[in-house]
Amino acid sequence: MNNDLNNSILDKLTKVCVCKSISRLNIKKAIENGAKTLDDVIKVTGATTGPCKGRRCKDKIEKLIEEYNESLGEQNEQDNRIS
Ligand code: FES
């Protein structure tokens with residue numbers, strides 16, 4: 001099994017927001033579809049609205065947003081080198 005497939009399966013199985021049972025895949029999809037801030041992700045997914053009020057998931061969501069932005073930056077650098 002290749003790494004992309006493993007990551008994809010893990011994204012489906014890993015719950016970022018345990019209270020609301022929201023997977024990492026759904027959080028990533030929200031970010032890829034334009035959610036740029038924690039508030040945007042909350043509006044789209046309902047994450048952080050469980051009994052812990054986001055105490056256990058806010059940091060994880062912010063990290064996913066950061067990682068996505070970093071990957072965009074790296075992609076732009078690669079595109080600039082190619083063109
Ligand atoms: S883990 Fe997300 S609201 Fe509790």
# chains A, B, ... in the order shown; residues from 1 in each chain; ligands from 1
>>> residues_around(residues="segment 35-38 of chain A", least_positions_apart="4", cutoff="10 Å", atoms="only C-alpha atoms", output="PyMOL selection string")
chain A and resi 27-31+42-45+47-48+58-59+61-66+68-69
>>> residues_around(residues="segment 2-14 of chain A", least_positions_apart="2", cutoff="10 Å", atoms="only C-alpha atoms", output="list of chain:residue names")
A:Val16, A:Cys17, A:Val18, A:Ser21, A:Ile22, A:Ser23, A:Arg24, A:Leu25, A:Asn26, A:Ile27, A:Lys28
>>> closest_residue(among="A:Asn80, A:Gly46, A:Cys57, A:Val41", to="ligand 1", atoms="only C-alpha atoms and all ligand atoms")
A:Cys57
